[in-house]
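Enquirer: Input file: input-v3.cif. Contents: mmCIF, C-alpha atoms.
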```
data_work
loop_
_atom_site.group_PDB
_atom_site.id
_atom_site.type_symbol
_atom_site.label_atom_id
_atom_site.label_comp_id
_atom_site.auth_asym_id
_atom_site.auth_seq_id
_atom_site.Cartn_x
_atom_site.Cartn_y
_atom_site.Cartn_z
ATOM 1 C CA MET I 1 119.631 98.723 78.797
ATOM 2 C CA GLN I 2 120.334 98.876 82.528
ATOM 3 C CA ASN I 3 117.871 97.333 84.956
ATOM 4 C CA THR I 4 117.135 100.740 86.489
ATOM 5 C CA LYS I 5 116.221 102.141 83.080
ATOM 6 C CA ILE I 6 113.957 99.151 82.396
ATOM 7 C CA VAL I 7 112.184 99.671 85.731
ATOM 8 C CA GLU I 8 111.831 103.383 84.953
ATOM 9 C CA TRP I 9 110.191 102.612 81.599
ATOM 10 C CA VAL I 10 107.874 100.029 83.144
ATOM 11 C CA LEU I 11 106.755 102.627 85.702
ATOM 12 C CA ARG I 12 106.426 105.368 83.052
ATOM 13 C CA ILE I 13 104.163 103.129 80.976
ATOM 14 C CA ALA I 14 102.182 102.042 84.054
ATOM 15 C CA VAL I 15 101.614 105.625 85.226
ATOM 16 C CA PHE I 16 100.746 106.672 81.666
ATOM 17 C CA GLY I 17 98.167 103.890 81.428
ATOM 18 C CA GLU I 18 96.649 104.721 84.785
ATOM 19 C CA PHE I 19 96.256 108.433 84.117
ATOM 20 C CA ILE I 20 95.197 108.149 80.469
ATOM 21 C CA GLY I 21 92.559 105.616 81.502
ATOM 22 C CA HIS I 22 91.260 107.699 84.379
ATOM 23 C CA GLY I 23 91.276 110.802 82.206
ATOM 24 C CA ILE I 24 89.236 109.112 79.500
ATOM 25 C CA PHE I 25 86.774 107.825 82.108
ATOM 26 C CA ALA I 26 86.478 111.318 83.625
ATOM 27 C CA LEU I 27 85.805 112.822 80.199
ATOM 28 C CA GLY I 28 83.280 110.086 79.484
ATOM 29 C CA PHE I 29 84.874 109.272 76.118
ATOM 30 C CA PHE I 30 85.020 105.710 74.889
ATOM 31 C CA PRO I 31 86.521 105.215 71.401
ATOM 32 C CA SER I 32 84.651 101.929 70.883
ATOM 33 C CA GLN I 33 81.400 103.883 71.066
ATOM 34 C CA ALA I 34 82.602 106.255 68.355
ATOM 35 C CA ILE I 35 83.093 103.635 65.613
ATOM 36 C CA GLY I 36 80.755 104.587 62.805
ATOM 37 C CA LYS I 37 79.173 107.282 64.961
ATOM 38 C CA SER I 38 79.991 110.738 66.156
ATOM 39 C CA ILE I 39 82.283 110.932 69.179
ATOM 40 C CA LEU I 40 80.306 110.405 72.369
ATOM 41 C CA PHE I 41 80.854 112.103 75.698
ATOM 42 C CA LEU I 42 78.823 110.305 78.319
ATOM 43 C CA PRO I 43 78.726 110.683 82.113
ATOM 44 C CA GLN I 44 80.512 107.369 82.746
ATOM 45 C CA LYS I 45 81.668 108.397 86.209
ATOM 46 C CA ALA I 46 78.394 109.924 87.387
ATOM 47 C CA GLN I 47 78.983 108.666 90.936
ATOM 48 C CA TRP I 48 81.869 111.154 91.199
ATOM 49 C CA VAL I 49 79.419 114.010 90.684
ATOM 50 C CA GLY I 50 77.486 112.697 93.682
ATOM 51 C CA TRP I 51 80.641 112.148 95.720
ATOM 52 C CA MET I 52 81.723 115.748 95.110
ATOM 53 C CA GLN I 53 78.635 116.872 97.021
ATOM 54 C CA ASN I 54 80.210 115.343 100.134
ATOM 55 C CA PHE I 55 83.041 117.859 99.747
ATOM 56 C CA GLY I 56 80.969 120.997 99.215
ATOM 57 C CA ILE I 57 80.397 120.987 95.442
ATOM 58 C CA SER I 58 76.611 120.826 95.409
ATOM 59 C CA ASP I 59 75.960 121.995 91.840
ATOM 60 C CA PRO I 60 75.937 118.905 89.568
ATOM 61 C CA ALA I 61 76.784 121.005 86.485
ATOM 62 C CA LEU I 62 79.861 122.451 88.209
ATOM 63 C CA ALA I 63 80.881 119.005 89.439
ATOM 64 C CA ALA I 64 80.610 117.615 85.892
ATOM 65 C CA LYS I 65 82.722 120.490 84.527
ATOM 66 C CA LEU I 66 85.349 119.942 87.219
ATOM 67 C CA LEU I 67 85.376 116.236 86.432
ATOM 68 C CA MET I 68 86.022 117.006 82.762
ATOM 69 C CA LEU I 69 88.812 119.437 83.718
ATOM 70 C CA VAL I 70 90.402 116.795 85.943
ATOM 71 C CA GLY I 71 90.122 114.293 83.096
ATOM 72 C CA ALA I 72 91.911 116.639 80.699
ATOM 73 C CA ILE I 73 94.652 117.291 83.275
ATOM 74 C CA ASP I 74 95.068 113.539 83.874
ATOM 75 C CA ILE I 75 95.538 112.947 80.133
ATOM 76 C CA LEU I 76 98.045 115.798 79.842
ATOM 77 C CA LEU I 77 100.036 114.488 82.817
ATOM 78 C CA ALA I 78 99.985 110.970 81.360
ATOM 79 C CA PHE I 79 101.698 112.141 78.178
ATOM 80 C CA ILE I 80 104.198 114.339 80.029
ATOM 81 C CA VAL I 81 105.292 111.428 82.224
ATOM 82 C CA LEU I 82 105.590 109.099 79.257
ATOM 83 C CA ILE I 83 107.751 111.585 77.329
ATOM 84 C CA ARG I 84 109.816 112.967 80.207
ATOM 85 C CA PRO I 85 109.012 112.355 83.878
ATOM 86 C CA VAL I 86 108.998 115.579 85.891
ATOM 87 C CA ARG I 87 109.484 115.027 89.623
ATOM 88 C CA PRO I 88 107.032 117.647 90.952
ATOM 89 C CA LEU I 89 104.340 116.334 88.595
ATOM 90 C CA LEU I 90 105.005 112.771 89.747
ATOM 91 C CA LEU I 91 104.615 113.855 93.352
ATOM 92 C CA TRP I 92 101.295 115.503 92.449
ATOM 93 C CA MET I 93 100.208 112.325 90.644
ATOM 94 C CA ALA I 94 101.060 110.237 93.718
ATOM 95 C CA PHE I 95 99.044 112.605 95.913
ATOM 96 C CA TRP I 96 96.141 112.651 93.438
ATOM 97 C CA GLY I 97 96.158 108.857 93.122
ATOM 98 C CA PHE I 98 96.125 108.536 96.916
ATOM 99 C CA TRP I 99 93.343 111.094 97.348
ATOM 100 C CA THR I 100 91.070 109.627 94.673
ATOM 101 C CA ALA I 101 91.533 106.183 96.211
ATOM 102 C CA LEU I 102 90.885 107.504 99.726
ATOM 103 C CA VAL I 103 87.696 109.279 98.641
ATOM 104 C CA ARG I 104 85.953 105.943 98.228
ATOM 105 C CA PRO I 105 85.836 104.897 101.898
ATOM 106 C CA LEU I 106 85.240 108.533 102.887
ATOM 107 C CA VAL I 107 81.971 108.525 100.907
ATOM 108 C CA GLY I 108 80.874 105.136 102.227
ATOM 109 C CA GLU I 109 82.380 102.684 99.750
ATOM 110 C CA PRO I 110 84.211 99.631 101.159
ATOM 111 C CA ILE I 111 87.776 100.127 102.415
ATOM 112 C CA TRP I 112 88.836 97.531 99.849
ATOM 113 C CA ASP I 113 88.104 100.038 97.072
ATOM 114 C CA PHE I 114 90.906 102.098 98.631
ATOM 115 C CA VAL I 115 93.257 99.145 99.068
ATOM 116 C CA GLU I 116 92.658 98.002 95.491
ATOM 117 C CA ARG I 117 93.917 101.379 94.246
ATOM 118 C CA TRP I 118 97.229 101.530 96.115
ATOM 119 C CA ALA I 119 99.099 101.190 92.821
ATOM 120 C CA ASN I 120 97.415 104.429 91.697
ATOM 121 C CA TRP I 121 99.658 106.333 94.082
ATOM 122 C CA GLY I 122 102.420 103.751 94.514
ATOM 123 C CA ALA I 123 103.548 103.704 90.877
ATOM 124 C CA PRO I 124 103.936 107.500 90.542
ATOM 125 C CA LEU I 125 105.677 107.630 93.927
ATOM 126 C CA ALA I 126 108.092 104.842 92.948
ATOM 127 C CA LEU I 127 108.863 106.655 89.693
ATOM 128 C CA TRP I 128 109.376 109.887 91.654
ATOM 129 C CA TYR I 129 112.006 108.137 93.800
ATOM 130 C CA LEU I 130 113.644 106.573 90.755
ATOM 131 C CA VAL I 131 113.914 109.685 88.577
ATOM 132 C CA LYS I 132 117.026 111.695 89.404
ATOM 133 C CA LYS I 133 116.750 115.308 90.477
ATOM 134 C CA SER I 134 117.715 117.647 87.644
#
```
What do you get writing this file as C-alpha coordinates?

Expert:
Amino acid sequence: MQNTKIVEWVLRIAVFGEFIGHGIFALGFFPSQAIGKSILFLPQKAQWVGWMQNFGISDPALAAKLLMLVGAIDILLAFIVLIRPVRPLLLWMAFWGFWTALVRPLVGEPIWDFVERWANWGAPLALWYLVKKS
(Lines of atoms letter the chains of each structure in order from A and count residues from 1; the text may use other names and numbers.)
(Lines give C-alpha, C1' and ligand atoms only; values in the text may rest on other atoms or scores of the structure.)
Protein backbone atom coordinates (compact mmCIF):
# COMPACT_ATOMS: atom_id res chain seq x y z
CA MET A 1 0.00 0.00 0.00
CA GLN A 2 1.32 3.44 -0.92
CA ASN A 3 2.16 5.91 1.83
CA THR A 4 -0.55 8.29 0.62
CA LYS A 5 -3.16 5.55 0.90
CA ILE A 6 -1.96 4.69 4.42
CA VAL A 7 -2.23 8.35 5.46
CA GLU A 8 -5.71 8.52 3.91
CA TRP A 9 -6.85 5.49 5.92
CA VAL A 10 -5.34 6.85 9.13
CA LEU A 11 -7.26 10.10 8.60
CA ARG A 12 -10.48 8.27 7.65
CA ILE A 13 -10.31 6.25 10.86
CA ALA A 14 -9.43 9.34 12.92
CA VAL A 15 -12.31 11.39 11.50
CA PHE A 16 -14.66 8.41 11.93
CA GLY A 17 -13.64 8.09 15.58
CA GLU A 18 -14.04 11.78 16.25
CA PHE A 19 -17.51 12.07 14.73
CA ILE A 20 -18.86 8.75 16.01
CA GLY A 21 -17.70 9.70 19.50
CA HIS A 22 -19.18 13.18 19.37
CA GLY A 23 -22.40 11.81 17.90
CA ILE A 24 -22.77 9.27 20.69
CA PHE A 25 -22.09 11.97 23.29
CA ALA A 26 -24.67 14.26 21.66
CA LEU A 27 -27.26 11.48 21.68
CA GLY A 28 -26.40 10.70 25.29
CA PHE A 29 -25.98 6.98 24.55
CA PHE A 30 -23.32 4.98 26.33
CA PRO A 31 -23.25 1.23 25.52
CA SER A 32 -21.56 0.38 28.83
CA GLN A 33 -24.67 1.67 30.61
CA ALA A 34 -26.88 -0.62 28.53
CA ILE A 35 -25.29 -3.93 29.63
CA GLY A 36 -28.03 -5.91 31.32
CA LYS A 37 -30.36 -2.92 31.16
CA SER A 38 -32.48 -1.17 28.62
CA ILE A 39 -30.66 1.29 26.36
CA LEU A 40 -30.20 4.61 28.13
CA PHE A 41 -30.35 8.05 26.58
CA LEU A 42 -29.04 10.56 29.07
CA PRO A 43 -28.26 14.27 28.72
CA GLN A 44 -24.48 13.76 28.85
CA LYS A 45 -23.75 17.05 27.11
CA ALA A 46 -26.21 19.19 29.06
CA GLN A 47 -23.82 22.16 28.98
CA TRP A 48 -24.44 22.39 25.22
CA VAL A 49 -28.12 23.05 25.89
CA GLY A 50 -27.05 26.00 28.03
CA TRP A 51 -24.49 27.17 25.47
CA MET A 52 -27.15 27.18 22.74
CA GLN A 53 -28.97 29.89 24.69
CA ASN A 54 -26.02 32.18 23.93
CA PHE A 55 -26.89 31.80 20.24
CA GLY A 56 -30.62 32.43 20.44
CA ILE A 57 -32.02 28.96 21.18
CA SER A 58 -33.68 29.67 24.51
CA ASP A 59 -36.03 26.67 24.69
CA PRO A 60 -34.16 23.81 26.44
CA ALA A 61 -36.42 21.18 24.83
CA LEU A 62 -35.65 22.51 21.34
CA ALA A 63 -31.94 22.69 22.16
CA ALA A 64 -31.98 19.06 23.32
CA LYS A 65 -33.77 17.97 20.13
CA LEU A 66 -31.27 19.87 17.99
CA LEU A 67 -28.42 18.28 19.91
CA MET A 68 -29.85 14.83 19.20
CA LEU A 69 -30.26 15.71 15.50
CA VAL A 70 -26.66 16.91 15.35
CA GLY A 71 -25.57 13.69 17.05
CA ALA A 72 -27.38 11.57 14.47
CA ILE A 73 -25.86 13.61 11.62
CA ASP A 74 -22.37 13.24 13.15
CA ILE A 75 -22.78 9.45 13.28
CA LEU A 76 -24.04 9.30 9.70
CA LEU A 77 -21.13 11.43 8.47
CA ALA A 78 -18.67 9.25 10.41
CA PHE A 79 -19.78 6.14 8.54
CA ILE A 80 -19.87 7.88 5.16
CA VAL A 81 -16.28 9.09 5.57
CA LEU A 82 -15.10 5.68 6.69
CA ILE A 83 -16.72 3.96 3.69
CA ARG A 84 -16.02 6.59 1.03
CA PRO A 85 -14.80 10.11 1.80
CA VAL A 86 -16.87 12.76 0.04
CA ARG A 87 -15.07 16.09 -0.33
CA PRO A 88 -18.00 18.45 0.35
CA LEU A 89 -18.89 16.46 3.47
CA LEU A 90 -15.28 16.61 4.65
CA LEU A 91 -15.28 20.37 4.21
CA TRP A 92 -18.49 20.57 6.27
CA MET A 93 -16.91 18.35 8.94
CA ALA A 94 -13.86 20.63 9.08
CA PHE A 95 -16.11 23.67 9.46
CA TRP A 96 -18.26 21.92 12.08
CA GLY A 97 -15.21 20.76 14.03
CA PHE A 98 -13.82 24.30 13.98
CA TRP A 99 -17.13 25.87 15.03
CA THR A 100 -17.79 23.46 17.89
CA ALA A 101 -14.25 24.04 19.16
CA LEU A 102 -14.60 27.82 18.82
CA VAL A 103 -17.91 27.85 20.71
CA ARG A 104 -16.09 27.06 23.94
CA PRO A 105 -14.18 30.34 24.34
CA LEU A 106 -17.18 32.23 22.93
CA VAL A 107 -19.31 31.01 25.86
CA GLY A 108 -16.62 31.72 28.45
CA GLU A 109 -14.62 28.50 28.57
CA PRO A 110 -10.80 28.77 28.48
CA ILE A 111 -9.15 29.35 25.09
CA TRP A 112 -7.27 26.10 25.67
CA ASP A 113 -10.52 24.18 25.19
CA PHE A 114 -10.44 25.55 21.64
CA VAL A 115 -6.75 24.81 21.10
CA GLU A 116 -7.16 21.27 22.43
CA ARG A 117 -9.73 20.59 19.70
CA TRP A 118 -7.73 21.73 16.67
CA ALA A 119 -7.55 18.13 15.45
CA ASN A 120 -11.37 18.14 15.30
CA TRP A 121 -11.17 20.38 12.26
CA GLY A 122 -7.60 19.64 11.18
CA ALA A 123 -8.11 15.93 10.47
CA PRO A 124 -11.18 16.40 8.22
CA LEU A 125 -9.45 19.29 6.45
CA ALA A 126 -6.29 17.23 5.86
CA LEU A 127 -8.40 14.38 4.48
CA TRP A 128 -10.25 16.88 2.26
CA TYR A 129 -6.91 17.98 0.77
CA LEU A 130 -5.76 14.39 0.36
CA VAL A 131 -8.86 12.97 -1.33
CA LYS A 132 -8.81 13.57 -5.07
CA LYS A 133 -11.61 15.47 -6.75
CA SER A 134 -13.94 13.11 -8.60

Enquirer: Residue by residue, what does the PyMOL selection byres ((chain I and resi 60) around 12) grab here? Present the result as a list of chain:residue names.

Expert: I:Pro43, I:Ala46, I:Gln47, I:Trp48, I:Val49, I:Gly50, I:Trp51, I:Met52, I:Gln53, I:Asn54, I:Gly56, I:Ile57, I:Ser58, I:Asp59, I:Ala61, I:Leu62, I:Ala63, I:Ala64, I:Lys65, I:Leu66, I:Leu67

Enquirer: Select, from I:Ala14, I:Ile80, I:Leu106, I:Val7, the residue with the minimum atom-to-atom distance to Gly122 of chain I, counting all atoms listed in the file.

Expert: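 Ranked by minimum distance to Gly122 of chain I, first place goes to I:Ala14.
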
Enquirer: Please report, as AutoDock Vina command-line options, the centre and edge lengths in Å to one decimal of an axis-aligned box covering all listed atoms of segment 84-96 of chain I with 4 Å per side.

Expert:
```
--center_x 103.0 --center_y 113.9 --center_z 88.1 --size_x 21.7 --size_y 15.4 --size_z 23.7
```

Enquirer: For atom CA of Arg87 of chain I and atom CA of Leu27 of chain I, quote the distance in Å rounded to one decimal.

Expert: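 Between atom CA of Arg87 of chain I and atom CA of Leu27 of chain I the gap is 25.6 Å.
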
Enquirer: Which one is closest to Gly71 of chain I: I:Ile20, I:Ala126, I:Ile6, I:Ala26? Count all atoms listed in the file.

Expert: I:Ala26

Enquirer: For atom CA of Tyr129 of chain I and atom CA of Ala101 of chain I, determine how far apart the two atoms are, in Å to one decimal place.

Expert: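 Between atom CA of Tyr129 of chain I and atom CA of Ala101 of chain I the gap works out to 20.7 Å.
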
Enquirer: Taking all atoms listed in the file into account, name the residue in I:Phe19, I:Leu125, I:Pro110, I:Gly28 that is nearest to Ile73 of chain I.

Expert: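 Nearest candidate to Ile73 of chain I out of I:Phe19, I:Leu125, I:Pro110, I:Gly28: I:Phe19.
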
Enquirer: Applied to the shown file, which residues does the PyMOL selection byres ((chain I and resi 79) around 10) return, written as number ranges by chain?

Expert: I: 12-13, 15-17, 19-20, 74-78, 80-85

Enquirer: So the first atom is atom CA of Val103 of chain I and the second is atom CA of Phe55 of chain I; what is the distance between them in Å, to one decimal place?

Expert: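 One can read the atom CA of Val103 of chain I to atom CA of Phe55 of chain I distance as 9.8 Å.
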
Enquirer: If the PyMOL selection byres ((chain I and resi 120) around 12) is run on the structure shown, which residues does it catch, given as a PyMOL selection string?

Expert: chain I and resi 11+14-19+21-22+90-102+113-119+121-127

Enquirer: Quick one: of I:Trp128, I:Trp9, I:Glu109, I:Ile24, who's nearest to Leu89 of chain I, counting all atoms listed in the file?

Expert: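 For Leu89 of chain I, the nearest of the given residues is I:Trp128.
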
Enquirer: Can you take the partial segment 101-127 of chain I, add N, CA and C atoms, and return it as a PDB file, keeping the file's coordinate frame?

Expert:
```pdb
ATOM      1  N   ALA I 101      91.777 107.507  95.623  1.00  0.00           N
ATOM      2  CA  ALA I 101      91.533 106.183  96.211  1.00  0.00           C
ATOM      3  C   ALA I 101      90.889 106.331  97.593  1.00  0.00           C
ATOM      4  N   LEU I 102      91.384 107.288  98.370  1.00  0.00           N
ATOM      5  CA  LEU I 102      90.885 107.504  99.726  1.00  0.00           C
ATOM      6  C   LEU I 102      89.443 108.018  99.742  1.00  0.00           C
ATOM      7  N   VAL I 103      89.059 108.740  98.703  1.00  0.00           N
ATOM      8  CA  VAL I 103      87.696 109.279  98.641  1.00  0.00           C
ATOM      9  C   VAL I 103      86.665 108.171  98.787  1.00  0.00           C
ATOM     10  N   ARG I 104      86.947 107.020  98.236  1.00  0.00           N
ATOM     11  CA  ARG I 104      85.953 105.943  98.228  1.00  0.00           C
ATOM     12  C   ARG I 104      85.473 105.550  99.630  1.00  0.00           C
ATOM     13  N   PRO I 105      86.359 105.202 100.560  1.00  0.00           N
ATOM     14  CA  PRO I 105      85.836 104.897 101.898  1.00  0.00           C
ATOM     15  C   PRO I 105      85.279 106.136 102.610  1.00  0.00           C
ATOM     16  N   LEU I 106      85.766 107.321 102.260  1.00  0.00           N
ATOM     17  CA  LEU I 106      85.240 108.533 102.887  1.00  0.00           C
ATOM     18  C   LEU I 106      83.786 108.802 102.512  1.00  0.00           C
ATOM     19  N   VAL I 107      83.364 108.322 101.335  1.00  0.00           N
ATOM     20  CA  VAL I 107      81.971 108.525 100.907  1.00  0.00           C
ATOM     21  C   VAL I 107      81.114 107.290 101.151  1.00  0.00           C
ATOM     22  N   GLY I 108      81.672 106.292 101.846  1.00  0.00           N
ATOM     23  CA  GLY I 108      80.874 105.136 102.227  1.00  0.00           C
ATOM     24  C   GLY I 108      81.109 103.868 101.432  1.00  0.00           C
ATOM     25  N   GLU I 109      82.039 103.903 100.491  1.00  0.00           N
ATOM     26  CA  GLU I 109      82.380 102.684  99.750  1.00  0.00           C
ATOM     27  C   GLU I 109      83.250 101.798 100.648  1.00  0.00           C
ATOM     28  N   PRO I 110      83.382 100.521 100.332  1.00  0.00           N
ATOM     29  CA  PRO I 110      84.211  99.631 101.159  1.00  0.00           C
ATOM     30  C   PRO I 110      85.685 100.060 101.171  1.00  0.00           C
ATOM     31  N   ILE I 111      86.348  99.813 102.281  1.00  0.00           N
ATOM     32  CA  ILE I 111      87.776 100.127 102.415  1.00  0.00           C
ATOM     33  C   ILE I 111      88.596  99.430 101.334  1.00  0.00           C
ATOM     34  N   TRP I 112      88.099  98.295 100.861  1.00  0.00           N
ATOM     35  CA  TRP I 112      88.836  97.531  99.849  1.00  0.00           C
ATOM     36  C   TRP I 112      88.917  98.273  98.524  1.00  0.00           C
ATOM     37  N   ASP I 113      87.993  99.200  98.272  1.00  0.00           N
ATOM     38  CA  ASP I 113      88.104 100.038  97.072  1.00  0.00           C
ATOM     39  C   ASP I 113      89.326 100.950  97.170  1.00  0.00           C
ATOM     40  N   PHE I 114      89.686 101.323  98.392  1.00  0.00           N
ATOM     41  CA  PHE I 114      90.906 102.098  98.631  1.00  0.00           C
ATOM     42  C   PHE I 114      92.140 101.212  98.471  1.00  0.00           C
ATOM     43  N   VAL I 115      92.113 100.063  99.119  1.00  0.00           N
ATOM     44  CA  VAL I 115      93.257  99.145  99.068  1.00  0.00           C
ATOM     45  C   VAL I 115      93.554  98.730  97.627  1.00  0.00           C
ATOM     46  N   GLU I 116      92.501  98.440  96.879  1.00  0.00           N
ATOM     47  CA  GLU I 116      92.658  98.002  95.491  1.00  0.00           C
ATOM     48  C   GLU I 116      93.387  99.042  94.641  1.00  0.00           C
ATOM     49  N   ARG I 117      93.343 100.295  95.043  1.00  0.00           N
ATOM     50  CA  ARG I 117      93.917 101.379  94.246  1.00  0.00           C
ATOM     51  C   ARG I 117      95.266 101.870  94.773  1.00  0.00           C
ATOM     52  N   TRP I 118      95.930 101.101  95.598  1.00  0.00           N
ATOM     53  CA  TRP I 118      97.229 101.530  96.115  1.00  0.00           C
ATOM     54  C   TRP I 118      98.250 101.747  95.006  1.00  0.00           C
ATOM     55  N   ALA I 119      98.167 100.989  93.939  1.00  0.00           N
ATOM     56  CA  ALA I 119      99.099 101.190  92.821  1.00  0.00           C
ATOM     57  C   ALA I 119      98.883 102.546  92.153  1.00  0.00           C
ATOM     58  N   ASN I 120      97.690 103.121  92.301  1.00  0.00           N
ATOM     59  CA  ASN I 120      97.415 104.429  91.697  1.00  0.00           C
ATOM     60  C   ASN I 120      98.298 105.525  92.277  1.00  0.00           C
ATOM     61  N   TRP I 121      98.714 105.376  93.516  1.00  0.00           N
ATOM     62  CA  TRP I 121      99.658 106.333  94.082  1.00  0.00           C
ATOM     63  C   TRP I 121     101.049 105.722  94.226  1.00  0.00           C
ATOM     64  N   GLY I 122     101.121 104.405  94.340  1.00  0.00           N
ATOM     65  CA  GLY I 122     102.420 103.751  94.514  1.00  0.00           C
ATOM     66  C   GLY I 122     103.308 103.834  93.283  1.00  0.00           C
ATOM     67  N   ALA I 123     102.739 103.660  92.107  1.00  0.00           N
ATOM     68  CA  ALA I 123     103.548 103.704  90.877  1.00  0.00           C
ATOM     69  C   ALA I 123     104.124 105.099  90.632  1.00  0.00           C
ATOM     70  N   PRO I 124     103.327 106.179  90.724  1.00  0.00           N
ATOM     71  CA  PRO I 124     103.936 107.500  90.542  1.00  0.00           C
ATOM     72  C   PRO I 124     104.973 107.822  91.621  1.00  0.00           C
ATOM     73  N   LEU I 125     104.719 107.372  92.853  1.00  0.00           N
ATOM     74  CA  LEU I 125     105.677 107.630  93.927  1.00  0.00           C
ATOM     75  C   LEU I 125     106.978 106.865  93.691  1.00  0.00           C
ATOM     76  N   ALA I 126     106.888 105.624  93.255  1.00  0.00           N
ATOM     77  CA  ALA I 126     108.092 104.842  92.948  1.00  0.00           C
ATOM     78  C   ALA I 126     108.882 105.497  91.817  1.00  0.00           C
ATOM     79  N   LEU I 127     108.183 105.979  90.804  1.00  0.00           N
ATOM     80  CA  LEU I 127     108.863 106.655  89.693  1.00  0.00           C
ATOM     81  C   LEU I 127     109.488 107.959  90.172  1.00  0.00           C
TER      82      LEU I 127
END
```
